[in-house]
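Chemist: Contents of final36.txt (compact mmCIF, C-alpha atoms) are given next:
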# COMPACT_ATOMS: atom_id res chain seq x y z
CA MET A 1 -2.69 -26.65 7.49
CA GLU A 2 -4.19 -26.93 10.98
CA ARG A 3 -7.48 -25.46 12.04
CA LEU A 4 -7.28 -22.86 14.77
CA ASP A 5 -9.89 -24.75 16.81
CA GLY A 6 -7.60 -27.79 17.03
CA TRP A 7 -9.62 -30.06 14.75
CA LYS A 8 -7.36 -32.76 13.30
CA GLY A 9 -9.71 -34.22 10.72
CA PRO A 10 -9.95 -33.53 6.98
CA ILE A 11 -9.83 -29.86 6.07
CA PRO A 12 -11.11 -29.53 2.49
CA TRP A 13 -12.10 -25.93 3.26
CA ALA A 14 -8.51 -24.88 4.11
CA ASP A 15 -8.27 -22.54 1.12
CA ASN A 16 -11.92 -21.54 1.13
CA PRO A 17 -12.27 -17.77 1.66
CA ASP A 18 -15.80 -18.32 2.99
CA ASN A 19 -14.21 -19.73 6.15
CA PRO A 20 -11.72 -16.99 7.09
CA LYS A 21 -11.85 -17.68 10.84
CA PHE A 22 -9.90 -20.91 10.31
CA TYR A 23 -6.98 -19.33 8.49
CA TYR A 24 -3.48 -19.17 9.86
CA GLU A 25 -2.13 -15.67 10.37
CA MET A 26 0.68 -16.31 7.93
CA VAL A 27 0.17 -17.45 4.35
CA PRO A 28 1.66 -20.88 3.56
CA LYS A 29 4.27 -20.73 0.82
CA HIS A 30 2.35 -23.13 -1.38
CA ARG A 31 -0.44 -20.67 -2.20
CA LYS A 32 -1.18 -17.00 -2.76
CA PRO A 33 -2.94 -15.02 -0.01
CA SER A 34 -6.71 -14.64 -0.20
CA TRP A 35 -9.15 -12.18 1.31
CA GLY A 36 -9.61 -14.71 4.10
CA ASP A 37 -6.01 -14.17 5.15
CA PHE A 38 -6.46 -10.41 5.11
CA PHE A 39 -9.60 -10.87 7.22
CA GLN A 40 -7.35 -12.31 9.92
CA TRP A 41 -4.71 -9.59 9.64
CA PHE A 42 -6.87 -6.45 9.75
CA ASN A 43 -6.59 -4.61 13.03
CA GLN A 44 -7.71 -0.97 13.26
CA TYR A 45 -8.36 1.84 10.81
CA TYR A 46 -5.18 3.92 10.49
CA THR A 47 -5.68 6.66 7.88
CA HIS A 48 -6.97 7.26 4.36
CA GLY A 49 -6.10 9.18 1.22
CA ASN A 50 -8.18 10.24 -1.74
CA TYR A 51 -8.64 6.71 -3.07
CA GLY A 52 -7.38 4.21 -0.49
CA VAL A 53 -7.91 3.28 3.16
CA ILE A 54 -5.10 2.09 5.41
CA TYR A 55 -5.42 -0.35 8.32
CA THR A 56 -2.93 -1.57 10.90
CA ASP A 57 -1.77 -5.18 10.88
CA ASN A 58 -2.52 -7.09 14.09
CA ARG A 59 0.68 -9.15 13.66
CA THR A 60 3.17 -6.30 13.84
CA PRO A 61 3.32 -2.49 14.25
CA HIS A 62 5.81 -2.31 11.36
CA GLN A 63 3.31 -3.16 8.60
CA LEU A 64 0.17 -1.56 7.22
CA ILE A 65 -2.61 -2.87 4.98
CA LYS A 66 -3.94 -0.78 2.12
CA VAL A 67 -7.40 -1.38 0.67
CA VAL A 68 -8.58 0.09 -2.62
CA ASN A 69 -11.68 -0.11 -4.76
CA CYS A 70 -10.21 -0.63 -8.21
CA LYS A 71 -12.96 1.35 -9.91
CA LYS A 72 -11.92 4.60 -8.22
CA GLY A 73 -9.31 7.08 -9.43
CA ASN A 74 -6.08 5.45 -10.55
CA ASN A 75 -6.59 2.43 -8.27
CA TYR A 76 -6.94 -0.02 -11.14
CA GLU A 77 -3.52 0.94 -12.53
CA GLU A 78 -1.94 0.90 -9.07
CA ALA A 79 -3.44 -2.52 -8.28
CA GLU A 80 -2.18 -3.89 -11.59
CA PHE A 81 1.27 -2.48 -10.85
CA PHE A 82 1.50 -3.91 -7.33
CA GLY A 83 -0.02 -7.20 -8.40
CA GLU A 84 2.74 -7.59 -10.98
CA ASN A 85 5.64 -6.30 -8.87
CA TRP A 86 4.94 -7.10 -5.23
CA THR A 87 7.36 -10.05 -5.16
CA HIS A 88 10.18 -8.29 -7.05
CA ASP A 89 11.80 -6.39 -4.16
CA ILE A 90 12.43 -3.24 -6.20
CA GLU A 91 14.78 -0.71 -4.66
CA GLY A 92 12.92 2.53 -3.95
CA LEU A 93 9.51 0.88 -3.84
CA VAL A 94 7.82 0.18 -0.53
CA LYS A 95 8.39 -3.45 0.48
CA LEU A 96 5.26 -5.55 -0.06
CA TYR A 97 4.61 -8.73 1.89
CA SER A 98 1.23 -9.92 0.56
CA PHE A 99 -1.14 -8.93 -2.21
CA THR A 100 -4.61 -10.10 -3.15
CA ARG A 101 -7.34 -9.07 -5.52
CA CYS A 102 -10.87 -10.35 -5.30
CA GLU A 103 -14.54 -9.65 -5.77
CA ALA A 104 -15.84 -7.68 -2.81
CA LYS A 105 -18.36 -9.55 -0.69
CA SER A 106 -20.11 -8.78 2.57
CA GLY A 107 -17.71 -11.05 4.47
CA ILE A 108 -14.87 -8.58 3.88
CA ILE A 109 -16.79 -5.33 3.30
CA ASN A 110 -18.51 -5.35 6.69
CA PRO A 111 -15.32 -5.85 8.77
CA LEU A 112 -13.63 -3.07 6.82
CA LYS A 113 -16.49 -0.74 7.70
CA ASP A 114 -16.69 -1.88 11.31
CA ARG A 115 -13.02 -1.14 11.95
CA VAL A 116 -13.62 2.46 10.91
CA ALA A 117 -16.80 2.81 12.94
CA THR A 118 -14.98 1.94 16.17
CA THR A 119 -12.56 4.89 15.82
CA ASN A 120 -12.90 8.67 15.90
CA ALA A 121 -12.45 8.89 12.12
CA ASP A 122 -15.02 10.65 9.95
CA TYR A 123 -16.97 7.54 9.02
CA VAL A 124 -18.84 9.12 6.11
CA GLU A 125 -15.65 10.51 4.60
CA VAL A 126 -13.80 7.18 4.84
CA MET A 127 -16.75 5.30 3.38
CA GLN A 128 -16.77 7.67 0.41
CA VAL A 129 -13.15 6.70 -0.22
CA LEU A 130 -13.81 2.98 0.21
CA ASP A 131 -17.15 3.09 -1.63
CA LEU A 132 -17.39 -0.71 -1.76
CA LYS A 133 -20.39 -2.63 -2.96
CA GLU A 134 -20.72 -6.36 -3.45
CA GLY A 135 -19.18 -7.36 -6.75
CA ASP A 136 -16.67 -4.49 -6.88
CA ASP A 137 -13.05 -5.23 -7.78
CA LEU A 138 -11.16 -5.07 -4.48
CA ALA A 139 -7.36 -5.03 -4.06
CA MET A 140 -5.43 -5.23 -0.78
CA TRP A 141 -1.76 -5.36 0.04
CA VAL A 142 0.43 -5.57 3.13
CA MET A 143 3.31 -3.11 3.06
CA GLU A 144 6.06 -1.91 5.34
CA LYS A 145 5.34 1.15 7.46
CA ALA A 146 7.64 4.08 6.78
CA ALA A 147 9.48 5.41 9.83
CA TYR A 148 9.12 8.98 8.51
CA ILE A 149 6.52 10.36 6.09
CA GLY A 150 7.55 13.08 3.64
CA LEU A 151 10.73 15.10 4.04
CA THR A 152 11.00 14.54 7.79
CA HIS A 153 14.02 12.31 8.40
CA PRO A 154 15.88 13.93 11.33
CA ASP A 155 19.37 12.95 10.15
CA LEU A 156 19.13 14.13 6.54
CA SER A 157 19.15 17.58 4.95
CA ARG A 158 16.29 18.64 2.70
CA LYS A 159 18.54 18.33 -0.32
CA GLU A 160 19.61 14.82 0.67
CA MET A 161 16.00 13.74 1.15
CA ILE A 162 14.85 15.20 -2.16
CA ASP A 163 17.75 13.55 -3.98
CA ARG A 164 17.01 10.19 -2.37
CA VAL A 165 13.30 10.30 -3.23
CA ALA A 166 14.14 11.23 -6.82
CA GLU A 167 16.63 8.36 -6.97
CA ALA A 168 14.01 5.98 -5.56
CA ALA A 169 11.44 7.05 -8.15
CA TYR A 170 14.02 6.71 -10.91
CA ASN A 171 14.93 3.19 -9.78
CA VAL A 172 11.28 2.12 -9.66
CA GLY A 173 10.61 3.59 -13.09
CA THR A 174 13.69 2.00 -14.63
CA ARG A 175 12.88 -1.43 -13.20
CA THR A 176 9.21 -1.40 -14.16
CA GLY A 177 9.09 0.62 -17.37
CA MET A 178 6.68 3.12 -15.83
CA THR A 179 6.79 6.84 -15.04
CA LEU A 180 5.68 7.84 -11.55
CA TYR A 181 3.66 10.98 -10.89
CA ASP A 182 2.13 12.74 -7.88
CA LEU A 183 5.24 12.70 -5.69
CA ASN A 184 3.79 14.71 -2.84
CA GLN A 185 4.93 14.26 0.75
CA LYS A 186 2.01 11.99 1.64
CA ASN A 187 3.18 9.45 -0.93
CA TYR A 188 6.77 8.79 0.07
CA GLY A 189 8.90 8.53 3.17
CA PHE A 190 12.05 7.13 4.74
CA ARG A 191 13.22 4.16 6.73
CA GLU A 192 15.28 4.60 9.88
CA ASP A 193 18.47 4.03 7.86
CA GLY A 194 17.66 6.97 5.58
CA SER A 195 16.66 5.00 2.50
CA ALA A 196 13.68 6.44 0.64
CA LEU A 197 10.55 4.48 -0.22
CA ILE A 198 7.60 5.40 -2.39
CA PHE A 199 4.25 3.86 -1.53
CA ASP A 200 1.66 5.80 -3.55
CA PHE A 201 1.70 7.41 -7.00
CA ARG A 202 0.05 7.83 -10.36
CA LEU A 203 1.47 5.84 -13.24
CA GLU A 204 2.01 6.09 -16.97
CA GLU A 205 3.59 3.41 -19.11
CA GLY A 206 6.99 4.33 -20.47
CA THR A 207 9.99 6.18 -19.02
CA LEU A 208 10.41 8.95 -21.59
CA ASN A 209 10.07 11.64 -18.91
CA GLY A 210 11.42 9.59 -16.05
CA SER A 211 14.86 11.12 -15.53
CA LYS A 212 16.21 11.97 -12.08
CA LYS A 213 15.81 15.65 -12.95
CA PHE A 214 12.17 15.02 -13.87
CA TYR A 215 11.51 13.40 -10.50
CA ARG A 216 13.31 16.15 -8.60
CA ASN A 217 11.13 18.72 -10.34
CA SER A 218 8.06 16.64 -9.58
CA ILE A 219 8.96 16.66 -5.88
CA PHE A 220 9.57 20.43 -5.93
CA HIS A 221 6.23 20.99 -7.64
CA HIS A 222 4.39 19.58 -4.63
CA LEU A 223 6.32 21.51 -1.99
CA ASP A 224 4.72 24.58 -0.45
CA GLU A 225 8.07 26.20 0.28
CA SER A 226 10.55 27.61 -2.20
CA TYR A 227 13.55 25.37 -2.85
CA ASP A 228 15.17 27.27 -5.69
CA ASP A 229 18.53 26.98 -3.93
CA LEU A 230 18.21 23.19 -3.96
CA ARG A 231 17.49 22.91 -7.67
CA GLN A 232 21.11 23.54 -8.59
Rewrite the structure of this file - the entire thing - as structure tokens.

Modeler:
Amino acid sequence: MERLDGWKGPIPWADNPDNPKFYYEMVPKHRKPSWGDFFQWFNQYYTHGNYGVIYTDNRTPHQLIKVVNCKKGNNYEEAEFFGENWTHDIEGLVKLYSFTRCEAKSGIINPLKDRVATTNADYVEVMQVLDLKEGDDLAMWVMEKAAYIGLTHPDLSRKEMIDRVAEAAYNVGTRTGMTLYDLNQKNYGFREDGSALIFDFRLEEGTLNGSKKFYRNSIFHHLDESYDDLRQ
């Protein structure tokens, strides 16, 4: 691996996360990504949910980076799930390009905070979601950016979209042995080609309840409008 400053000598620190400024933008195939790689990829604060903060990726507008404190909410279970499955290319699951889990240190905490402070976001609110202190269990992953969030694909009917999200959830559950919950419109979306992808959820081990009908009902439960005509 070459240093970005052009130095051609020995590079024993090449995989040392304490030297993130010397990392290539892309992770070499011979090792897993570290927080030093993510340090290079973070661009701007994008949005946040109840338990995670999303950043843009400075390499491409088609990817986002999610950051979670594993001690909050269901983040530990979600991090375990993505850590186990991010290389499996599961149909229905958001495509993941890189995943890392590490002990939070100032070298990564401060940039995460700074990228929020330079926007118009509610800094206090975002920091309450991030809530990172040194030593916390931190997980980060690079994922594809959905073209459409929720039931908003312009070329599909509501029924088609609901059916496709339910199918996606069923596929993920069947492949992983988990049941997905919390299928609200902030947690799933669509690609340009109309395929559904799920990028956030709550999890329970086992698929006893995970039928397509179960997932359709879960989607309906989170809709503000009445879709009784679509339940048939």

Chemist: As a PyMOL selection string, please: the residues near stretch 85-98 of chain A (cut-off 8 Å, only C-alpha atoms, same-chain neighbours under 3 positions excluded).

Modeler: chain A and resi 33+81-82+141-144+165+167-169+171-172+175+195-199

Chemist: Out of A:Gly83, A:Arg115, A:His62, A:Thr174, which residue has the shortest atom-to-atom distance to A:Lys32 when counting all atoms listed in the file?

Modeler: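 Closest to A:Lys32, using all atoms listed in the file: A:Gly83.
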
Chemist: (-7.2, 4.0, 13.6) in this file's frame - what residues fall within 8 Å of it? Use all atoms listed in the file and give the answer as a PyMOL selection string.

Modeler: chain A and resi 44-47+55-56+115-116+119-121

Chemist: Could you check how far atom CA of A:Ala79 sits from atom CA of A:Asn209, in Å to one decimal?

Modeler: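 These atoms are spaced 22.3 Å apart.
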
Chemist: How many Å separate atom CA of A:Arg216 from atom CA of A:Ile54?

Modeler: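 That distance, rounded to one decimal, is 27.1 Å.
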
Chemist: Could you list, as a list of chain:residue names, every residue within 9 Å of A:Arg59, counting all atoms listed in the file and ignoring same-chain residues fewer than 3 positions away?

Modeler: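 Non-adjacent residues within range: A:Glu25, A:Trp41, A:Phe42, A:Asn43, A:Thr56, A:His62, A:Gln63.
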
Chemist: Is there a way to get, as a PyMOL selection string, all residues within 12 Å of the point (14.1, 15.2, 2.6) in file coordinates, counting all atoms listed in the file?

Modeler: chain A and resi 148-166+184-185+188-191+194-197+216+219-220+223+227+230

Chemist: Rank nothing, just name the residue among A:Asn50, A:Met127, A:Leu138, A:Lys71 nearest to A:Trp35, using all atoms listed in the file.

Modeler: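 For A:Trp35, the nearest of the given residues is A:Leu138.
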
Chemist: Find the residue from A:Asp114, A:Asp131, A:Asp137, A:Asp57 that sits nearest to A:Tyr76; use only C-alpha atoms when measuring.

Modeler: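 Closest residue, counting only C-alpha atoms: A:Asp137.
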
Chemist: Pick the closest to A:Phe201 from A:Phe38, A:Phe99, A:Tyr170, A:Tyr181: which is it, counting only C-alpha atoms?

Modeler: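 Answer, going by the shortest atom-to-atom distance: A:Tyr181.
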
Chemist: Would you mind reading off the distance between atom CA of A:Gly107 and atom CA of A:Asn74, one decimal, in Å?

Modeler: 25.2 Å

Chemist: Take every atom of stretch 122-140 of chain A listed in the file, fit an axis-aligned box around them, add 6 Å per side, and give the centre and edge lengths in Å to one decimal as lines of an AutoDock Vina configuration file.

Modeler:
center_x = -13.1
center_y = 1.6
center_z = 1.1
size_x = 27.3
size_y = 30.0
size_z = 29.7
